[in-house]
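**Q** This is the content of work.txt (compact mmCIF, C-alpha atoms):
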# COMPACT_ATOMS: atom_id res chain seq x y z
CA MET A 33 0.00 0.00 0.00
CA PRO A 34 1.41 3.46 -0.90
CA TRP A 35 2.74 5.46 2.02
CA LYS A 36 0.21 8.25 1.40
CA LYS A 37 -2.64 5.86 2.10
CA TYR A 38 -0.94 4.79 5.34
CA LEU A 39 -0.57 8.43 6.31
CA GLY A 40 -4.26 9.12 5.59
CA LEU A 41 -5.38 6.15 7.66
CA LEU A 42 -3.11 7.23 10.50
CA ILE A 43 -4.54 10.77 10.50
CA ALA A 44 -8.14 9.45 10.41
CA LEU A 45 -7.46 7.03 13.27
CA SER A 46 -5.85 9.78 15.35
CA LEU A 47 -8.83 12.09 14.78
CA PHE A 48 -11.25 9.31 15.77
CA LEU A 49 -9.37 8.60 18.99
CA PHE A 50 -9.26 12.31 19.82
CA LEU A 51 -13.02 12.77 19.35
CA THR A 52 -13.91 9.69 21.38
CA ALA A 53 -11.67 10.87 24.23
CA CYS A 54 -13.39 14.30 24.46
CA THR A 55 -16.92 15.39 25.35
CA LEU A 56 -18.59 18.40 23.85
CA ASP A 57 -20.89 20.27 26.32
CA LEU A 58 -23.65 22.35 24.78
CA GLU A 59 -25.43 24.52 27.37
CA ILE A 60 -29.11 24.71 26.55
CA PRO A 61 -30.68 27.85 28.03
CA GLU A 62 -33.55 27.33 30.46
CA TYR A 63 -36.75 29.29 29.91
CA SER A 64 -39.61 29.72 32.37
CA LEU A 65 -42.25 32.17 33.51
CA GLU A 66 -43.83 31.54 36.89
CA PHE A 67 -46.27 33.39 39.10
CA ASP A 68 -44.98 33.18 42.67
CA GLY A 69 -47.66 32.09 45.08
CA GLU A 70 -51.22 33.31 45.23
CA ILE A 71 -52.52 36.79 44.78
CA LEU A 72 -52.16 39.08 47.78
CA TYR A 73 -55.40 40.94 48.18
CA ASP A 74 -56.48 43.54 50.70
CA PRO A 75 -60.31 43.69 50.59
CA THR A 76 -60.40 46.94 52.56
CA ALA A 77 -58.29 48.77 50.01
CA ALA A 78 -59.09 46.68 46.91
CA ASN A 79 -55.36 46.48 46.37
CA VAL A 80 -54.08 43.64 44.18
CA VAL A 81 -50.43 42.53 44.26
CA ILE A 82 -49.04 39.87 41.90
CA TYR A 83 -45.47 38.58 41.87
CA TYR A 84 -43.86 36.82 38.92
CA THR A 85 -40.39 35.77 37.76
CA PHE A 86 -39.10 34.76 34.33
CA VAL A 87 -35.90 33.00 33.27
CA ALA A 88 -34.55 33.45 29.74
CA GLU A 89 -31.31 33.32 27.78
CA GLU A 90 -30.43 37.01 27.95
CA PRO A 91 -30.02 38.81 31.30
CA THR A 92 -32.71 41.34 30.36
CA HIS A 93 -35.74 41.08 28.13
CA PRO A 94 -38.57 43.40 27.16
CA CYS A 95 -41.78 42.19 28.80
CA THR A 96 -45.34 43.30 28.24
CA TYR A 97 -48.08 43.12 30.86
CA SER A 98 -51.76 44.04 30.89
CA LEU A 99 -54.86 43.73 33.07
CA HIS A 100 -58.36 43.13 31.70
CA ARG A 101 -61.75 42.35 33.18
CA VAL A 102 -62.87 39.29 31.24
CA ASP A 103 -66.33 38.26 32.49
CA GLY A 104 -68.40 41.14 31.10
CA SER A 105 -71.15 40.45 28.57
CA SER A 106 -69.58 42.93 26.15
CA GLY A 107 -66.22 41.16 26.22
CA SER A 108 -62.91 42.17 27.71
CA THR A 109 -62.57 45.54 29.43
CA VAL A 110 -59.12 47.11 29.58
CA VAL A 111 -58.06 48.07 33.11
CA VAL A 112 -54.32 48.42 32.48
CA PRO A 113 -53.38 48.68 28.77
CA GLU A 114 -50.50 46.64 27.39
CA THR A 115 -47.29 48.09 28.81
CA THR A 116 -43.73 47.14 27.85
CA GLU A 117 -40.74 47.35 30.18
CA VAL A 118 -37.23 45.94 30.02
CA LEU A 119 -36.97 43.58 32.99
CA VAL A 120 -34.22 41.48 34.53
CA ALA A 121 -34.40 37.72 34.08
CA GLY A 122 -34.41 35.73 37.33
CA GLN A 123 -35.50 38.73 39.38
CA GLN A 124 -38.88 38.77 41.08
CA GLN A 125 -41.21 41.33 39.52
CA LYS A 126 -44.14 42.99 41.24
CA PHE A 127 -47.39 44.26 39.77
CA GLU A 128 -49.61 46.32 42.06
CA ARG A 129 -52.88 48.06 41.34
CA ASP A 130 -55.55 49.78 43.42
CA LEU A 131 -58.91 48.56 42.14
CA SER A 132 -61.07 50.65 44.46
CA GLY A 133 -64.25 51.55 42.64
CA SER A 134 -63.85 48.81 40.07
CA GLU A 135 -66.75 46.45 39.40
CA ASP A 136 -66.81 42.96 40.85
CA GLY A 137 -65.80 40.29 38.39
CA VAL A 138 -63.03 38.16 36.91
CA TYR A 139 -59.77 39.92 36.06
CA ARG A 140 -56.94 38.54 33.95
CA PHE A 141 -53.33 39.64 34.32
CA ARG A 142 -51.12 38.71 31.34
CA VAL A 143 -47.33 38.71 31.06
CA VAL A 144 -45.41 38.09 27.80
CA VAL A 145 -41.62 37.93 27.53
CA GLN A 146 -40.32 39.22 24.18
CA VAL A 147 -37.19 38.81 22.12
CA GLU A 148 -35.63 41.29 19.70
CA GLN A 149 -36.03 39.93 16.18
CA SER A 150 -34.24 42.88 14.58
CA PRO A 151 -33.18 46.28 15.89
CA GLY A 152 -36.28 47.85 17.42
CA ASP A 153 -38.51 44.94 16.36
CA TYR A 154 -39.69 42.63 19.13
CA ILE A 155 -41.79 39.48 18.97
CA ASP A 156 -43.59 37.54 21.69
CA MET A 157 -42.08 34.29 22.96
CA SER A 158 -45.13 32.03 22.90
CA PHE A 159 -43.78 29.68 25.58
CA LEU A 160 -43.23 32.66 27.92
CA ASP A 161 -46.78 33.95 27.62
CA LYS A 162 -48.94 33.33 30.71
CA THR A 163 -52.05 34.69 32.38
CA PHE A 164 -53.20 34.84 35.99
CA GLU A 165 -56.89 35.25 36.86
CA PHE A 166 -58.41 36.52 40.08
CA TYR A 167 -61.74 37.80 41.34
CA LEU A 168 -62.68 41.20 42.61
CA ASP A 169 -65.51 40.44 44.99
CA SER A 170 -66.79 42.92 47.54
CA ASN A 171 -69.48 40.64 49.05
CA ALA A 172 -68.92 38.11 51.81
CA PRO A 173 -70.32 34.64 51.01
CA ASP A 174 -73.31 33.06 52.71
CA ALA A 175 -72.85 30.42 55.38
CA PRO A 176 -72.07 26.84 54.32
CA ILE A 177 -74.45 23.93 54.92
CA ILE A 178 -73.49 21.32 57.52
CA THR A 179 -75.19 18.09 56.48
CA LEU A 180 -75.16 16.57 59.98
CA ALA A 181 -78.01 18.29 61.80
CA SER A 182 -78.09 19.15 65.48
CA ASP A 183 -79.52 16.04 67.12
CA THR A 184 -78.64 13.08 69.34
CA TYR A 185 -77.10 10.05 67.62
CA VAL A 186 -75.97 6.53 68.46
CA GLY A 187 -72.55 5.54 67.14
CA ASP A 188 -69.96 7.32 65.03
CA GLN A 189 -71.26 9.74 62.41
CA VAL A 190 -69.93 11.57 59.34
CA THR A 191 -70.68 15.01 57.98
CA LEU A 192 -70.23 16.87 54.71
CA PHE A 193 -70.32 20.55 53.88
CA ASP A 194 -71.99 22.26 50.95
CA HIS A 195 -72.30 25.79 49.63
CA SER A 196 -74.78 27.39 47.25
CA GLU A 197 -72.04 29.12 45.24
CA TRP A 198 -70.43 25.79 44.35
CA ILE A 199 -73.42 25.16 42.08
CA SER A 200 -74.32 28.75 41.22
CA PRO A 201 -71.15 30.90 41.47
CA ALA A 202 -71.89 34.44 42.56
CA GLY A 203 -68.35 35.82 42.76
CA SER A 204 -64.96 34.82 43.98
CA PRO A 205 -64.58 31.03 44.51
CA VAL A 206 -65.60 29.91 47.99
CA GLU A 207 -63.76 27.54 50.29
CA VAL A 208 -65.19 26.03 53.50
CA PHE A 209 -63.18 25.64 56.68
CA TYR A 210 -64.40 23.80 59.78
CA THR A 211 -63.62 22.79 63.36
CA LEU A 212 -65.07 20.00 65.50
CA ASP A 213 -64.16 21.48 68.89
CA GLY A 214 -66.09 24.75 68.84
CA ASN A 215 -63.07 26.86 67.90
CA ASP A 216 -63.31 29.58 65.28
CA PRO A 217 -63.07 27.89 61.85
CA ALA A 218 -61.58 31.07 60.39
CA ASP A 219 -58.59 30.78 62.74
CA PRO A 220 -55.66 29.23 60.77
CA TYR A 221 -54.35 27.63 63.97
CA HIS A 222 -57.50 25.55 64.51
CA ARG A 223 -59.33 25.20 61.22
CA GLN A 224 -59.29 22.43 58.65
CA LYS A 225 -60.13 22.89 54.99
CA PHE A 226 -63.00 20.86 53.58
CA SER A 227 -61.76 19.02 50.49
CA GLY A 228 -64.91 17.10 49.58
CA GLY A 229 -64.62 13.86 51.55
CA ALA A 230 -66.80 12.77 54.45
CA ILE A 231 -65.60 14.10 57.81
CA PRO A 232 -65.73 11.55 60.69
CA VAL A 233 -67.50 12.69 63.86
CA PRO A 234 -66.70 10.04 66.52
CA SER A 235 -69.18 9.24 69.27
CA SER A 236 -68.40 11.24 72.40
CA ASP A 237 -69.71 11.49 75.95
CA THR A 238 -69.74 15.28 75.56
CA PRO A 239 -71.45 17.30 72.80
CA VAL A 240 -69.48 17.94 69.60
CA ILE A 241 -69.74 21.48 68.26
CA ILE A 242 -69.28 21.60 64.48
CA ARG A 243 -68.53 25.07 63.20
CA ALA A 244 -67.94 26.05 59.58
CA VAL A 245 -67.25 29.26 57.71
CA ALA A 246 -67.25 30.13 54.02
CA ILE A 247 -64.32 32.30 52.90
CA ASP A 248 -63.90 33.43 49.31
CA MET A 249 -60.63 33.87 47.43
CA ALA A 250 -60.74 37.58 48.20
CA ASP A 251 -60.58 36.57 51.90
CA HIS A 252 -64.11 37.85 52.52
CA TYR A 253 -66.30 36.51 55.32
CA ASP A 254 -68.48 38.01 58.03
CA SER A 255 -70.82 36.89 60.80
CA PHE A 256 -73.34 35.63 58.22
CA SER A 257 -70.70 33.35 56.70
CA TYR A 258 -70.72 31.04 59.74
CA SER A 259 -72.85 27.97 60.46
CA GLN A 260 -72.94 25.68 63.50
CA GLN A 261 -74.46 22.39 64.60
CA THR A 262 -74.19 20.79 68.06
CA ILE A 263 -74.15 17.01 67.95
CA SER A 264 -74.89 14.85 71.00
CA PHE A 265 -74.53 11.09 71.42
CA MET A 266 -76.16 8.34 73.43
CA ASP A 267 -74.41 5.04 74.12
CA ALA A 268 -75.58 2.17 76.33
CA GLU A 269 -72.27 0.50 77.18
CA SER A 270 -73.14 -2.21 79.72
CA VAL A 271 -75.75 -3.61 82.12
CA ASP A 272 -75.06 -4.97 85.59
CA PRO A 273 -76.01 -7.65 86.47
CA CYS A 274 -75.93 -9.03 82.92
CA SER A 275 -78.53 -11.73 83.68
CA ALA A 276 -81.59 -12.27 85.89
CA ASP A 277 -83.06 -15.36 87.53
CA ARG A 278 -86.82 -15.24 88.05
CA THR A 279 -86.46 -17.19 91.31
CA GLY A 280 -83.58 -15.17 92.78
CA GLY A 281 -83.49 -12.15 95.01
CA ASP A 282 -85.46 -11.24 98.11
CA GLN A 283 -88.61 -10.96 96.01
CA PRO A 284 -88.70 -13.60 93.28
CA GLY A 285 -88.89 -12.13 89.80
CA TYR A 286 -87.82 -8.60 90.76
CA HIS A 287 -84.35 -7.51 89.72
CA VAL A 288 -82.53 -4.18 89.87
CA LEU A 289 -80.28 -3.37 86.90
CA THR A 290 -77.78 -0.60 86.39
CA ILE A 291 -77.30 0.54 82.79
CA THR A 292 -74.15 2.61 82.24
CA GLY A 293 -73.17 4.71 79.25
CA TYR A 294 -73.69 8.35 78.34
CA GLY A 295 -76.25 10.70 76.83
CA PHE A 296 -79.14 9.66 79.10
CA ASN A 297 -81.72 12.14 80.42
CA SER A 298 -85.16 12.25 82.01
CA SER A 299 -86.79 11.32 78.67
CA THR A 300 -84.76 8.13 78.24
CA LYS A 301 -86.96 5.05 78.09
CA VAL A 302 -85.96 1.42 78.71
CA GLU A 303 -87.75 -1.69 77.43
CA LEU A 304 -86.94 -5.42 77.79
CA PHE A 305 -88.09 -8.07 75.31
CA ASP A 306 -87.64 -11.85 75.56
CA MET A 307 -86.84 -14.14 72.63
CA ASP A 308 -90.40 -14.36 71.29
CA GLY A 309 -91.06 -10.62 71.60
CA THR A 310 -92.79 -10.57 74.96
CA GLU A 311 -92.32 -7.16 76.57
CA VAL A 312 -91.28 -7.54 80.20
CA THR A 313 -92.63 -5.05 82.73
CA VAL A 314 -89.91 -2.49 83.54
CA PHE A 315 -89.79 0.39 86.04
CA ILE A 316 -87.17 3.13 85.75
CA GLY A 317 -85.73 4.59 88.92
CA PRO A 318 -86.51 8.22 89.66
CA ASP A 319 -82.92 9.43 89.36
CA ILE A 320 -81.50 9.14 85.85
CA THR A 321 -78.07 10.68 85.38
CA SER A 322 -76.36 11.35 82.08
CA ASN A 323 -74.30 8.16 82.43
CA GLN A 324 -76.48 5.84 84.55
CA ILE A 325 -80.03 4.43 84.61
CA ILE A 326 -81.44 2.30 87.46
CA VAL A 327 -84.07 -0.16 86.19
CA VAL A 328 -86.34 -2.64 88.04
CA ILE A 329 -87.60 -5.55 85.94
CA VAL A 330 -90.52 -7.86 86.81
CA LEU A 331 -89.92 -11.25 85.18
CA THR A 332 -93.27 -12.55 86.36
CA SER A 333 -95.18 -10.14 84.15
CA GLY A 334 -95.10 -9.57 80.40
CA THR A 335 -97.31 -8.76 77.41
CA GLY A 336 -97.32 -9.67 73.75
CA GLY A 337 -95.14 -12.32 72.22
CA SER A 338 -96.14 -15.56 70.55
CA HIS A 339 -97.29 -17.15 73.81
CA PRO A 340 -97.91 -15.98 77.41
CA GLY A 341 -95.15 -15.62 79.94
CA VAL A 342 -91.54 -14.50 79.87
CA ASP A 343 -89.29 -17.07 78.19
CA PRO A 344 -85.78 -17.87 79.37
CA GLY A 345 -82.92 -17.10 76.98
CA MET A 346 -81.19 -14.08 75.54
CA GLY A 347 -83.37 -11.01 75.69
CA THR A 348 -82.85 -7.46 74.45
CA LEU A 349 -82.77 -4.26 76.44
CA VAL A 350 -83.88 -1.32 74.30
CA ILE A 351 -82.76 2.16 75.43
CA ARG A 352 -84.44 5.03 73.61
CA ASN A 353 -84.06 8.79 73.98
CA GLU A 354 -87.49 10.22 73.26
CA ASP A 355 -86.77 13.95 73.52
CA THR A 356 -84.84 14.26 70.23
CA PRO A 357 -86.20 14.27 66.65
CA SER A 358 -84.42 11.08 65.62
CA PHE A 359 -85.40 9.02 68.70
CA PRO A 360 -81.91 7.51 68.94
CA THR A 361 -82.03 3.89 70.11
CA ASP A 362 -79.36 1.57 71.47
CA TYR A 363 -79.49 -2.11 72.43
CA LEU A 364 -77.95 -4.41 75.05
CA ASP A 365 -78.12 -8.18 75.25
CA PHE A 366 -79.61 -9.45 78.51
CA LEU A 367 -79.84 -13.06 79.68
CA ILE A 368 -83.16 -14.18 81.17
CA GLU A 369 -82.89 -17.41 83.18
Take the structure from the file and write it as C-alpha cells.
**A**
Amino acid sequence: MPWKKYLGLLIALSLFLFLTACTLDLEIPEYSLEFDGEILYDPTAANVVIYYTFVAEEPTHPCTYSLHRVDGSSGSTVVVPETTEVLVAGQQQKFERDLSGSEDGVYRFRVVVQVEQSPGDYIDMSFLDKTFEFYLDSNAPDAPIITLASDTYVGDQVTLFDHSEWISPAGSPVEVFYTLDGNDPADPYHRQKFSGGAIPVPSSDTPVIIRAVAIDMADHYDSFSYSQQTISFMDAESVDPCSADRTGGDQPGYHVLTITGYGFNSSTKVELFDMDGTEVTVFIGPDITSNQIIVVIVLTSGTGGSHPGVDPGMGTLVIRNEDTPSFPTDYLDFLIE
C-alpha cells in the first residue's frame, strides 16, 4: 500500500481517537415564567399585588403586561393597557394596582416575555406567555351547609359541607373551613379545609360542636358566613347484672339493673323483650343521670309475644331517647334465666 494511504489512515485514526476521548458540552438555556404564590389581596383597600419571575437566555428582556376584566357580557374591558418594560431575568417582579371603585368580576393579568427579532422589532415568545386570573368580589359569602343536623345520635357519624355558590357561582370562589371542637373555623391555627370527603365525627360522651365558615378567594367573610351544629350522642355501654333469675333475690322475679353509658336524660326510656317478643314489665328509677339508669324488671309479668309468659334465653334491652327528633335507640343483650 502506498505510504500516502498509510498516512491518511493514520490521521483518520488519530482524529477518531481524539473525538472519542473528548466530550462536547452544549449549554441549553432554560426558559420559564412563573407566578410566585397566590394573589395578595387587601379587601379593605381593593389592592391587588401579583409577583412573577421569568428566566430566559439574555439577562434582560422586554416584557409586556396588561390587566383586563374578562367576564363582562360585552367582552374584555381594559383596566391596564399593554405596557412594555425591560426587565431582569431571574428577578422577582411585582405588579400592584388599586382597584377601588372597580366592578366585581373576573380579572386577567397577562405577562409576555419578548425577544428582539431585529433592531427595534420585538416578537412575543409564545412559551413565555402566561395569564393569571383573580376575582374582585366585595361581598362576603353566605354560610355553608353542615349536612349533619343538630340532634342526638348513636354511634360514630360523618358530615359533609356544601355551599350554594359551588353550584351557582356568585363571585370569587368559595372555600369552606371547619372545626369539631367549637373553635373559630376562620382561625388558621385551629381550622381544617374541607376538600370534599366525608368528615368523621366520633361518638363522644360530651357534645361535639361543628362550626364552619365560608371564605372566598378575596378573603371575605363576616358573621353571616358562619354555620354551627351541636351534635350529642347516646351510648348504652353495659348492664349490671348481665342476667336475671326469676327465682332469685329477696322478692322472686324482681331484679334491679344498672345501665351505664352516656347521653341519658329524664326522657330516656328502657324496654326489655324476651326471645319471642314478649315485653317484660320495667320500672325506671326516679334518678337518671347522664351516664347511669337504674331499672327494676318484673320477670313474672309480660305482654305480647307468641305465647304468654316471659321465656328464658337471651333477651334485648332497648334504650331510647325520646326527647330528640331522631329518637336515637341503642341495644344491650340481657340473659333471662
**Q** Smallest atom-to-atom distance to Asp161 in chain A: which of A:Leu65, A:Val206, A:Ala230, A:Val240, using only C-alpha atoms?
**A**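 Ranked by minimum distance to Asp161 in chain A, first place goes to A:Leu65.
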**Q** Quick one: pull the distance between CA of His287 in chain A and CA of Asp308 in chain A, Å, one decimal.
**A** 20.6 Å
**Q** List as a ChimeraX atom specification the residues having at least one atom at most 10 Å from position (-96.8, -7.7, 78.3) as given in the file, counting only C-alpha atoms.
**A** /A:305,309-313,333-337,340-342
**Q** Please determine, counting all atoms listed in the file, which residue among A:Tyr84, A:Trp198, A:Phe359, A:Phe366 has the shortest atom-to-atom distance to Gly345 in chain A.
**A**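 Selected residue with least distance to Gly345 in chain A: A:Phe366.
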**Q** Anything within 10 Å of (-62.8, 30.8, 48.5): list those residues as a PyMOL selection string, counting all atoms listed in the file and sticking to the file's coordinates.
**A** chain A and resi 173+197+203-209+246-253
**Q** Which distance in Å separates CA of Ser275 in chain A and CA of Thr184 in chain A, to one decimal?
**A**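 So the two atoms, CA of Ser275 in chain A and CA of Thr184 in chain A, lie 28.7 Å apart.
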**Q** Would you kindly return, as JSON, numbers by chain, each protein, DNA or RNA residue with an atom no farther than 6 Å from any atom of Leu99 in chain A, considering only C-alpha atoms and excluding same-chain residues fewer than 6 positions away?
**A** {"A": [111, 112, 140, 141]}
**Q** Counting all atoms listed in the file, figure out which residue out of A:Tyr185, A:Phe159, A:Phe193, A:Phe296 gets nearest to Val147 in chain A.
**A** A:Phe159
**Q** Could you give me range 200-234 of chain A completed to N, CA and C atoms, formatted as a PDB file, keeping the file's coordinate frame?
**A**
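Result file follows (part21.pdb):
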ATOM      1  N   SER A 200     -73.996  27.501  41.911  1.00  0.00           N
ATOM      2  CA  SER A 200     -74.320  28.750  41.220  1.00  0.00           C
ATOM      3  C   SER A 200     -73.350  29.835  41.680  1.00  0.00           C
ATOM      4  N   PRO A 201     -72.163  29.911  41.049  1.00  0.00           N
ATOM      5  CA  PRO A 201     -71.150  30.900  41.470  1.00  0.00           C
ATOM      6  C   PRO A 201     -71.706  32.321  41.425  1.00  0.00           C
ATOM      7  N   ALA A 202     -71.418  33.066  42.479  1.00  0.00           N
ATOM      8  CA  ALA A 202     -71.890  34.440  42.560  1.00  0.00           C
ATOM      9  C   ALA A 202     -70.728  35.412  42.740  1.00  0.00           C
ATOM     10  N   GLY A 203     -69.515  34.948  42.567  1.00  0.00           N
ATOM     11  CA  GLY A 203     -68.350  35.820  42.760  1.00  0.00           C
ATOM     12  C   GLY A 203     -67.103  34.998  42.917  1.00  0.00           C
ATOM     13  N   SER A 204     -66.230  35.493  43.744  1.00  0.00           N
ATOM     14  CA  SER A 204     -64.960  34.820  43.980  1.00  0.00           C
ATOM     15  C   SER A 204     -65.185  33.405  44.496  1.00  0.00           C
ATOM     16  N   PRO A 205     -64.389  32.414  44.042  1.00  0.00           N
ATOM     17  CA  PRO A 205     -64.580  31.030  44.510  1.00  0.00           C
ATOM     18  C   PRO A 205     -64.546  30.912  46.025  1.00  0.00           C
ATOM     19  N   VAL A 206     -65.415  30.048  46.541  1.00  0.00           N
ATOM     20  CA  VAL A 206     -65.600  29.910  47.990  1.00  0.00           C
ATOM     21  C   VAL A 206     -64.969  28.615  48.477  1.00  0.00           C
ATOM     22  N   GLU A 207     -64.275  28.705  49.599  1.00  0.00           N
ATOM     23  CA  GLU A 207     -63.760  27.540  50.290  1.00  0.00           C
ATOM     24  C   GLU A 207     -64.430  27.461  51.666  1.00  0.00           C
ATOM     25  N   VAL A 208     -64.573  26.235  52.185  1.00  0.00           N
ATOM     26  CA  VAL A 208     -65.190  26.030  53.500  1.00  0.00           C
ATOM     27  C   VAL A 208     -64.143  25.480  54.453  1.00  0.00           C
ATOM     28  N   PHE A 209     -64.067  26.096  55.618  1.00  0.00           N
ATOM     29  CA  PHE A 209     -63.180  25.640  56.680  1.00  0.00           C
ATOM     30  C   PHE A 209     -64.036  25.263  57.891  1.00  0.00           C
ATOM     31  N   TYR A 210     -63.570  24.291  58.681  1.00  0.00           N
ATOM     32  CA  TYR A 210     -64.400  23.800  59.780  1.00  0.00           C
ATOM     33  C   TYR A 210     -63.545  23.428  60.986  1.00  0.00           C
ATOM     34  N   THR A 211     -64.207  23.333  62.135  1.00  0.00           N
ATOM     35  CA  THR A 211     -63.620  22.790  63.360  1.00  0.00           C
ATOM     36  C   THR A 211     -64.654  21.867  63.995  1.00  0.00           C
ATOM     37  N   LEU A 212     -64.178  20.917  64.796  1.00  0.00           N
ATOM     38  CA  LEU A 212     -65.070  20.000  65.500  1.00  0.00           C
ATOM     39  C   LEU A 212     -64.982  20.187  67.009  1.00  0.00           C
ATOM     40  N   ASP A 213     -64.331  21.251  67.449  1.00  0.00           N
ATOM     41  CA  ASP A 213     -64.160  21.480  68.890  1.00  0.00           C
ATOM     42  C   ASP A 213     -64.709  22.828  69.335  1.00  0.00           C
ATOM     43  N   GLY A 214     -65.493  23.475  68.482  1.00  0.00           N
ATOM     44  CA  GLY A 214     -66.090  24.750  68.840  1.00  0.00           C
ATOM     45  C   GLY A 214     -65.211  25.948  68.588  1.00  0.00           C
ATOM     46  N   ASN A 215     -63.948  25.735  68.197  1.00  0.00           N
ATOM     47  CA  ASN A 215     -63.070  26.860  67.900  1.00  0.00           C
ATOM     48  C   ASN A 215     -63.495  27.569  66.616  1.00  0.00           C
ATOM     49  N   ASP A 216     -62.973  28.780  66.445  1.00  0.00           N
ATOM     50  CA  ASP A 216     -63.310  29.580  65.280  1.00  0.00           C
ATOM     51  C   ASP A 216     -62.740  28.932  64.019  1.00  0.00           C
ATOM     52  N   PRO A 217     -63.584  28.535  63.064  1.00  0.00           N
ATOM     53  CA  PRO A 217     -63.070  27.890  61.850  1.00  0.00           C
ATOM     54  C   PRO A 217     -62.313  28.841  60.920  1.00  0.00           C
ATOM     55  N   ALA A 218     -62.364  30.134  61.191  1.00  0.00           N
ATOM     56  CA  ALA A 218     -61.580  31.070  60.390  1.00  0.00           C
ATOM     57  C   ALA A 218     -60.164  31.230  60.942  1.00  0.00           C
ATOM     58  N   ASP A 219     -59.900  30.664  62.106  1.00  0.00           N
ATOM     59  CA  ASP A 219     -58.590  30.780  62.740  1.00  0.00           C
ATOM     60  C   ASP A 219     -57.641  29.746  62.111  1.00  0.00           C
ATOM     61  N   PRO A 220     -56.575  30.187  61.435  1.00  0.00           N
ATOM     62  CA  PRO A 220     -55.660  29.230  60.770  1.00  0.00           C
ATOM     63  C   PRO A 220     -55.038  28.223  61.713  1.00  0.00           C
ATOM     64  N   TYR A 221     -54.980  28.536  63.011  1.00  0.00           N
ATOM     65  CA  TYR A 221     -54.350  27.630  63.970  1.00  0.00           C
ATOM     66  C   TYR A 221     -55.265  26.470  64.351  1.00  0.00           C
ATOM     67  N   HIS A 222     -56.560  26.578  64.097  1.00  0.00           N
ATOM     68  CA  HIS A 222     -57.500  25.550  64.510  1.00  0.00           C
ATOM     69  C   HIS A 222     -58.264  24.922  63.341  1.00  0.00           C
ATOM     70  N   ARG A 223     -58.422  25.635  62.274  1.00  0.00           N
ATOM     71  CA  ARG A 223     -59.330  25.200  61.220  1.00  0.00           C
ATOM     72  C   ARG A 223     -58.736  24.101  60.342  1.00  0.00           C
ATOM     73  N   GLN A 224     -59.648  23.391  59.684  1.00  0.00           N
ATOM     74  CA  GLN A 224     -59.290  22.430  58.650  1.00  0.00           C
ATOM     75  C   GLN A 224     -60.086  22.779  57.400  1.00  0.00           C
ATOM     76  N   LYS A 225     -59.472  22.573  56.256  1.00  0.00           N
ATOM     77  CA  LYS A 225     -60.130  22.890  54.990  1.00  0.00           C
ATOM     78  C   LYS A 225     -60.919  21.689  54.504  1.00  0.00           C
ATOM     79  N   PHE A 226     -62.175  21.921  54.125  1.00  0.00           N
ATOM     80  CA  PHE A 226     -63.000  20.860  53.580  1.00  0.00           C
ATOM     81  C   PHE A 226     -62.610  20.601  52.139  1.00  0.00           C
ATOM     82  N   SER A 227     -62.231  19.355  51.840  1.00  0.00           N
ATOM     83  CA  SER A 227     -61.760  19.020  50.490  1.00  0.00           C
ATOM     84  C   SER A 227     -62.717  18.110  49.739  1.00  0.00           C
ATOM     85  N   GLY A 228     -63.896  17.859  50.299  1.00  0.00           N
ATOM     86  CA  GLY A 228     -64.910  17.100  49.580  1.00  0.00           C
ATOM     87  C   GLY A 228     -65.242  15.750  50.170  1.00  0.00           C
ATOM     88  N   GLY A 229     -64.368  15.177  50.965  1.00  0.00           N
ATOM     89  CA  GLY A 229     -64.620  13.860  51.550  1.00  0.00           C
ATOM     90  C   GLY A 229     -65.412  13.944  52.835  1.00  0.00           C
ATOM     91  N   ALA A 230     -66.017  12.817  53.212  1.00  0.00           N
ATOM     92  CA  ALA A 230     -66.800  12.770  54.450  1.00  0.00           C
ATOM     93  C   ALA A 230     -65.895  12.972  55.660  1.00  0.00           C
ATOM     94  N   ILE A 231     -66.356  13.782  56.609  1.00  0.00           N
ATOM     95  CA  ILE A 231     -65.600  14.100  57.810  1.00  0.00           C
ATOM     96  C   ILE A 231     -66.111  13.239  58.973  1.00  0.00           C
ATOM     97  N   PRO A 232     -65.266  12.381  59.572  1.00  0.00           N
ATOM     98  CA  PRO A 232     -65.730  11.550  60.690  1.00  0.00           C
ATOM     99  C   PRO A 232     -66.039  12.410  61.924  1.00  0.00           C
ATOM    100  N   VAL A 233     -67.132  12.071  62.583  1.00  0.00           N
ATOM    101  CA  VAL A 233     -67.500  12.690  63.860  1.00  0.00           C
ATOM    102  C   VAL A 233     -67.672  11.554  64.860  1.00  0.00           C
ATOM    103  N   PRO A 234     -66.629  11.191  65.614  1.00  0.00           N
ATOM    104  CA  PRO A 234     -66.700  10.040  66.520  1.00  0.00           C
ATOM    105  C   PRO A 234     -67.694  10.271  67.658  1.00  0.00           C
TER     106      PRO A 234
END
